[in-house]
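**Q** Provided herewith is a single structure, encoded as structure tokens, for subsequent inquiry.
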Amino acid sequence: MPIIDFRLRPPLKGFLGMVMYAQAERRDRITRQHGMEPAPSAQAQSMPMLLEEMDTAGVTLGVVLGRYSGVYGSVSNQDVADIVKSQPGRFVGIGSVNPSDRKTVFRQIDEALALGLKGINLEPGAYPSPMYADDRRLYPIYAYCEDKNIPVVVMAGGNAGPDLSYTVPVHIDRVAGDFPALRIAISHGGWPWVHEILHVAFRRLNVYLSPDQYLCNMPGMNDYIAAANGFLSERFLYASSYPFVSVSQYAEWFRRLPIRPELMEQLQYRNAARFLGLAA
Amino acid sequence: MPIIDFRLRPPLKGFLGMVMYAQAERRDRITRQHGMEPAPSAQAQSMPMLLEEMDTAGVTLGVVLGRYSGVYGSVSNQDVADIVKSQPGRFVGIGSVNPSDRKTVFRQIDEALALGLKGINLEPGAYPSPMYADDRRLYPIYAYCEDKNIPVVVMAGGNAGPDLSYTVPVHIDRVAGDFPALRIAISHGGWPWVHEILHVAFRRLNVYLSPDQYLCNMPGMNDYIAAANGFLSERFLYASSYPFVSVSQYAEWFRRLPIRPELMEQLQYRNAARFLGLAA
Amino acid sequence: MPIIDFRLRPPLKGFLGMVMYAQAERRDRITRQHGMEPAPSAQAQSMPMLLEEMDTAGVTLGVVLGRYSGVYGSVSNQDVADIVKSQPGRFVGIGSVNPSDRKTVFRQIDEALALGLKGINLEPGAYPSPMYADDRRLYPIYAYCEDKNIPVVVMAGGNAGPDLSYTVPVHIDRVAGDFPALRIAISHGGWPWVHEILHVAFRRLNVYLSPDQYLCNMPGMNDYIAAANGFLSERFLYASSYPFVSVSQYAEWFRRLPIRPELMEQLQYRNAARFLGLAA
């Protein structure tokens, strides 16, 4: 069975300069707060070790997300495309944009797609000028992506912004309602607003949820699992959020969750493949 | 044991033109997202079948709520009164008002009562001009109903408005605090804000909760049940939210919940009878 | 094993004039909503009985919090200091301030410390002019306390203000982020925003949580307990919130919770001792 890990940032190129690798102590502390142990590959910043962990986990494809951020550091679309090319068949890339540069943003999207990237990652609360997911400055981007059938990932959970107001699912609810044909994946699964984001996913059929690391021993995990076993079964996305959680530990832990066995392939592979428009 | 189903909209008159019947596919999809099967009576729009389902469920009385809405369609107070009369002893009616017509709203309430309706249903987020439950335009209505001892139903959960902000229990908390003698029933039980609306009900003794369809396999259901077994035992209202959930399936499902047997009559009948001011 | 009860208001001095003692019926009703029985010592307003209940519970030290409030009544820092002195070794005091009197607030803090009090208690939503925890008027106080290493207790849960908006953890998240070296204890544990305040505590290592009475049979209690067993183990504070819950009943009830035995001393004593800067 193939597995897509929907959030997997390898120790390569621009990622090494980002907080997730540059502040190893902070990262490992977060990992342990989840009740997990740091991934040896993350600590060693070793690509061969990561590939081995992916093999152990049965992860056939990792989704590498570009980022344009202030506090967390950035990684360019070119870097993401280079990573995808350097490890043939193991990664798929998602690009990012600078939303404050209105005049060039559509060009940035086109260029990302031309590089072979499969969608656009928006992190509204982490931009140098933080904004909510329903900020008017993002609406042309949503419209453009809806019209061109480009899937969009929105980071709207965990430490997605300067404070907790940036993850309130009200903002996502509005975007999903205003762009009903836009496929939207919520990274960090809207956590900690678990009941509320599940309402949004119940109501908006274009919303996919990826609780990723915040599924790990966090309040609300049983609610995510019940939804994955029920109304969310076609829109749950599996992700470790590596390097915050080990790819192989996450996979082993996930397999022990009370998930209906007949749904596993859907949750770990088919939903992500459909979201990304990958050939079956 | 008699049972009052606090939210039950039969396939009659104005209801047939509303989204819940006119968009059968949407309704059935929602039913299945709850892990339930569509009610045959709803699909057939058959009143005899519904009465049979009510008998199977042991539902002796259904509460028919009028509605003045934009997106969901409206049903007049006259229609509600006609339905109640056409099925002697099986239904009790609640009226609705057009809150934007300030000058006639008190007259609308008086007329609803003159038609034999037992209370007023407010759906702030579903009005043609959506508003929050603590909107200043609703305050004269709350005051009028408090002064005249008229119970008020407020839809403040689920898809109660254009977005998730319309169900934040802050608004209900203010209304309940500002009108402490007003009996307020929350339809859709404030879902998905389960912890928060339970706080409001813990604090405000004039608030009744009816999670209705959102009790069905939704995140937070165990919290509702624990409250019904505890501090909410005198203010929990049983409701299927038919036609979204089958009256008989809901009843069968509800009986299997871990509810203290000695509370069943209170939850399924006495609380609603007291709220509505029905003779015992 | 010593135990610190982090919120314990004895029937002495100014406390007797506060709502918690003056409105005994309201207090006992709240106690019963928690599924607990009123403390005989609270009903009798008897200090000898309370000391006996503390002994039964094994509570070696109670934290007496001063209050400057409109609706709930006030108790002066002098009163708190007198109580501490009158019961040698059984209580430790926390002072309060009048935040609207900007010019004297630093002096009030200094005087509280000179009286032997160990920190400052802020109850933003309960001030005569209610405010949010991140109100600009409180920022000089936070800055002063951070600079002088004075721990701060913030009441941000339960009936902390006129409505539910006063407990939204967004406000605490901002304060904790803006004053990263300030030790902040959240009284009433941010309830009912359980998932959300746990996110704040996950993210902000200077935040301590004390769910106190809202741990008792309230929605979310299992989430608090899981966090206490996990990432919150060094920042959970044990408290009965007496007189709302009996000191001895709370202790007996707490001991039966599924808490890892090796963490008990940390949760019931060491975290509070560290927070308050008490000698070990």
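By order in the structure tokens, chains are A, B, ...; within a chain, residues start at 1; ligands start at 1, following the order shown.
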Using only C-alpha atoms, I'd like a table of the residues in chain B that come within 7 Å of chain C; for each, show the closest atom pair and its distance in Å rounded to one decimal, ordered by chain and ascending number, as a tab-separated table.

**A**
residue	atom	partner	partner_atom	distance
B:Val170	CA	C:Leu164	CA	5.1
B:Asp173	CA	C:Asp163	CA	6.0
B:Arg174	CA	C:Asp163	CA	6.0
B:His195	CA	C:Pro192	CA	5.4
B:Glu196	CA	C:Pro192	CA	5.3
B:His199	CA	C:Pro192	CA	6.1
B:Asp223	CA	C:Pro219	CA	5.3
B:Phe231	CA	C:Gln33	CA	4.8

**Q** Quick one: everything within 10 Å of Gly58 in chain B, counting only C-alpha atoms, minus sequence neighbours fewer than 2 positions away in the same chain. Send it as JSON, numbers by chain.

**A** {"B": [1, 2, 3, 4, 5, 52, 53, 54, 55, 56, 60, 61, 247, 248, 251, 252]}

**Q** Can you spit out the residues from that selection as a tab-separated table (two decimals), in the first residue's frame, using C-alpha atoms?

**A**
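Full text of part22.tsv as output:
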chain	number	residue	atom	x	y	z
B	1	MET	CA	-44.09	7.45	28.86
B	2	PRO	CA	-44.90	10.46	26.66
B	3	ILE	CA	-42.12	11.96	24.50
B	4	ILE	CA	-41.84	15.45	23.09
B	5	ASP	CA	-39.63	15.76	20.00
B	52	GLU	CA	-46.22	5.88	11.88
B	53	GLU	CA	-42.56	6.66	12.57
B	54	MET	CA	-43.64	8.90	15.46
B	55	ASP	CA	-45.73	6.05	16.86
B	56	THR	CA	-42.83	3.61	16.51
B	60	THR	CA	-46.46	11.72	21.39
B	61	LEU	CA	-45.89	15.38	20.53
B	247	VAL	CA	-37.81	10.44	14.26
B	248	SER	CA	-37.79	6.70	14.90
B	251	ALA	CA	-35.40	7.58	19.34
B	252	GLU	CA	-33.92	4.11	19.04

**Q** Determine which residues of range 107-195 of chain A receive a DSSP assignment of strand (DSSP E), computed from the backbone, and state them as a compact mmCIF listing (two decimals) with all heavy atoms, in the first residue's frame.

**A**
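The resulting file, out.txt, is shown below:
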# COMPACT_ATOMS: atom_id res chain seq x y z
N ILE A 120 -0.52 25.41 -4.08
CA ILE A 120 0.02 26.59 -3.42
C ILE A 120 -0.24 26.50 -1.91
O ILE A 120 -1.35 26.16 -1.48
CB ILE A 120 -0.62 27.88 -4.00
CG1 ILE A 120 -0.26 28.02 -5.48
CG2 ILE A 120 -0.20 29.12 -3.21
CD1 ILE A 120 1.22 28.17 -5.77
N ASN A 121 0.80 26.79 -1.14
CA ASN A 121 0.72 26.77 0.32
C ASN A 121 0.62 28.20 0.84
O ASN A 121 1.51 29.01 0.57
CB ASN A 121 1.98 26.09 0.88
CG ASN A 121 1.98 26.03 2.40
OD1 ASN A 121 0.92 25.87 3.01
ND2 ASN A 121 3.15 26.16 3.00
N LEU A 122 -0.44 28.48 1.57
CA LEU A 122 -0.60 29.82 2.16
C LEU A 122 -0.50 29.69 3.68
O LEU A 122 -1.10 28.81 4.28
CB LEU A 122 -1.97 30.40 1.78
CG LEU A 122 -2.26 30.52 0.28
CD1 LEU A 122 -3.71 30.92 0.05
CD2 LEU A 122 -1.32 31.54 -0.36
N VAL A 152 -5.11 24.31 -2.77
CA VAL A 152 -4.48 25.26 -1.86
C VAL A 152 -4.34 24.63 -0.48
O VAL A 152 -5.29 24.03 0.03
CB VAL A 152 -5.31 26.55 -1.78
CG1 VAL A 152 -4.94 27.38 -0.58
CG2 VAL A 152 -5.17 27.36 -3.06
N VAL A 153 -3.16 24.73 0.10
CA VAL A 153 -2.93 24.32 1.49
C VAL A 153 -2.91 25.58 2.34
O VAL A 153 -2.24 26.55 1.98
CB VAL A 153 -1.60 23.56 1.64
CG1 VAL A 153 -1.37 23.16 3.09
CG2 VAL A 153 -1.57 22.35 0.71
N VAL A 154 -3.65 25.59 3.43
CA VAL A 154 -3.63 26.74 4.33
C VAL A 154 -3.19 26.25 5.71
O VAL A 154 -3.79 25.33 6.27
CB VAL A 154 -5.01 27.41 4.43
CG1 VAL A 154 -4.95 28.62 5.37
CG2 VAL A 154 -5.52 27.83 3.05
N MET A 155 -2.14 26.84 6.24
CA MET A 155 -1.74 26.52 7.61
C MET A 155 -2.66 27.28 8.55
O MET A 155 -2.65 28.51 8.60
CB MET A 155 -0.28 26.89 7.87
CG MET A 155 0.18 26.51 9.29
SD MET A 155 1.97 26.65 9.58
CE MET A 155 2.19 28.44 9.59
N ILE A 184 -9.30 22.94 -0.47
CA ILE A 184 -8.50 23.56 0.60
C ILE A 184 -8.09 22.49 1.60
O ILE A 184 -8.94 21.78 2.14
CB ILE A 184 -9.33 24.63 1.35
CG1 ILE A 184 -9.92 25.65 0.38
CG2 ILE A 184 -8.50 25.30 2.43
CD1 ILE A 184 -10.97 26.56 1.00
N ALA A 185 -6.80 22.36 1.83
CA ALA A 185 -6.31 21.45 2.88
C ALA A 185 -5.83 22.27 4.06
O ALA A 185 -5.05 23.21 3.88
CB ALA A 185 -5.17 20.58 2.35
N ILE A 186 -6.29 21.91 5.25
CA ILE A 186 -5.90 22.66 6.45
C ILE A 186 -4.76 21.94 7.14
O ILE A 186 -4.94 20.90 7.77
CB ILE A 186 -7.09 22.80 7.42
CG1 ILE A 186 -8.33 23.34 6.70
CG2 ILE A 186 -6.72 23.67 8.61
CD1 ILE A 186 -8.13 24.69 6.06
N SER A 187 -3.56 22.52 7.04
CA SER A 187 -2.40 21.97 7.74
C SER A 187 -2.52 22.28 9.22
O SER A 187 -3.01 23.35 9.59
CB SER A 187 -1.11 22.58 7.19
OG SER A 187 -0.57 21.78 6.19

**Q** List as a ChimeraX atom specification the protein and nucleic acid residues near Gln23 in chain A, meaning an atom at most 12 Å away when only C-alpha atoms are counted, but skip any in the same chain fewer than 2 places from it.

**A** /A:15-21,25-30,42-43,71-73,243-244

**Q** Report the distance between CA of Gly189 in chain B and CA of Leu215 in chain B in Å, rounded to one decimal place.

**A**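 Going from CA of Gly189 in chain B over to CA of Leu215 in chain B covers 8.5 Å.
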
**Q** With a distance cut-off of 9 Å and only C-alpha atoms, select the neighbouring residues of Ser76 in chain C, excluding the residue or stretch itself and same-chain residues fewer than 5 positions from it, and output the selection as an MDAnalysis selection string.

**A** chainID C and resid 14 66:68 81 95:97

**Q** Report the residues of range 46-228 of chain B whose backbone DSSP state falls under alpha helix (DSSP H), written as JSON, numbers by chain.

**A** {"B": [47, 48, 49, 50, 51, 52, 53, 54, 55, 56, 57, 77, 78, 79, 80, 81, 82, 83, 84, 85, 86, 105, 106, 107, 108, 109, 110, 111, 112, 113, 114, 139, 140, 141, 142, 143, 144, 145, 146, 147, 148, 170, 171, 172, 173, 174, 175, 176, 177, 178, 194, 195, 196, 197, 198, 199, 200, 201, 202, 203, 221, 222, 223, 224, 225, 226, 227, 228]}

**Q** Would you mind telling me which residue in C:Pro99, C:Gly177, C:Pro10, C:Pro258 lies nearest to Pro130 in chain C when using only C-alpha atoms?

**A** C:Pro99

**Q** Quick one: pull the distance between CA of Ala156 in chain C and CA of Phe106 in chain C, Å, one decimal.

**A**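 Atom-to-atom, CA of Ala156 in chain C and CA of Phe106 in chain C are spaced 22.3 Å apart.
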
**Q** Using only C-alpha atoms for the distances, tell me which of B:Pro38, B:Gly190, B:Pro128, B:Gly62 is nearest to Ser74 in chain B.

**A** B:Pro128
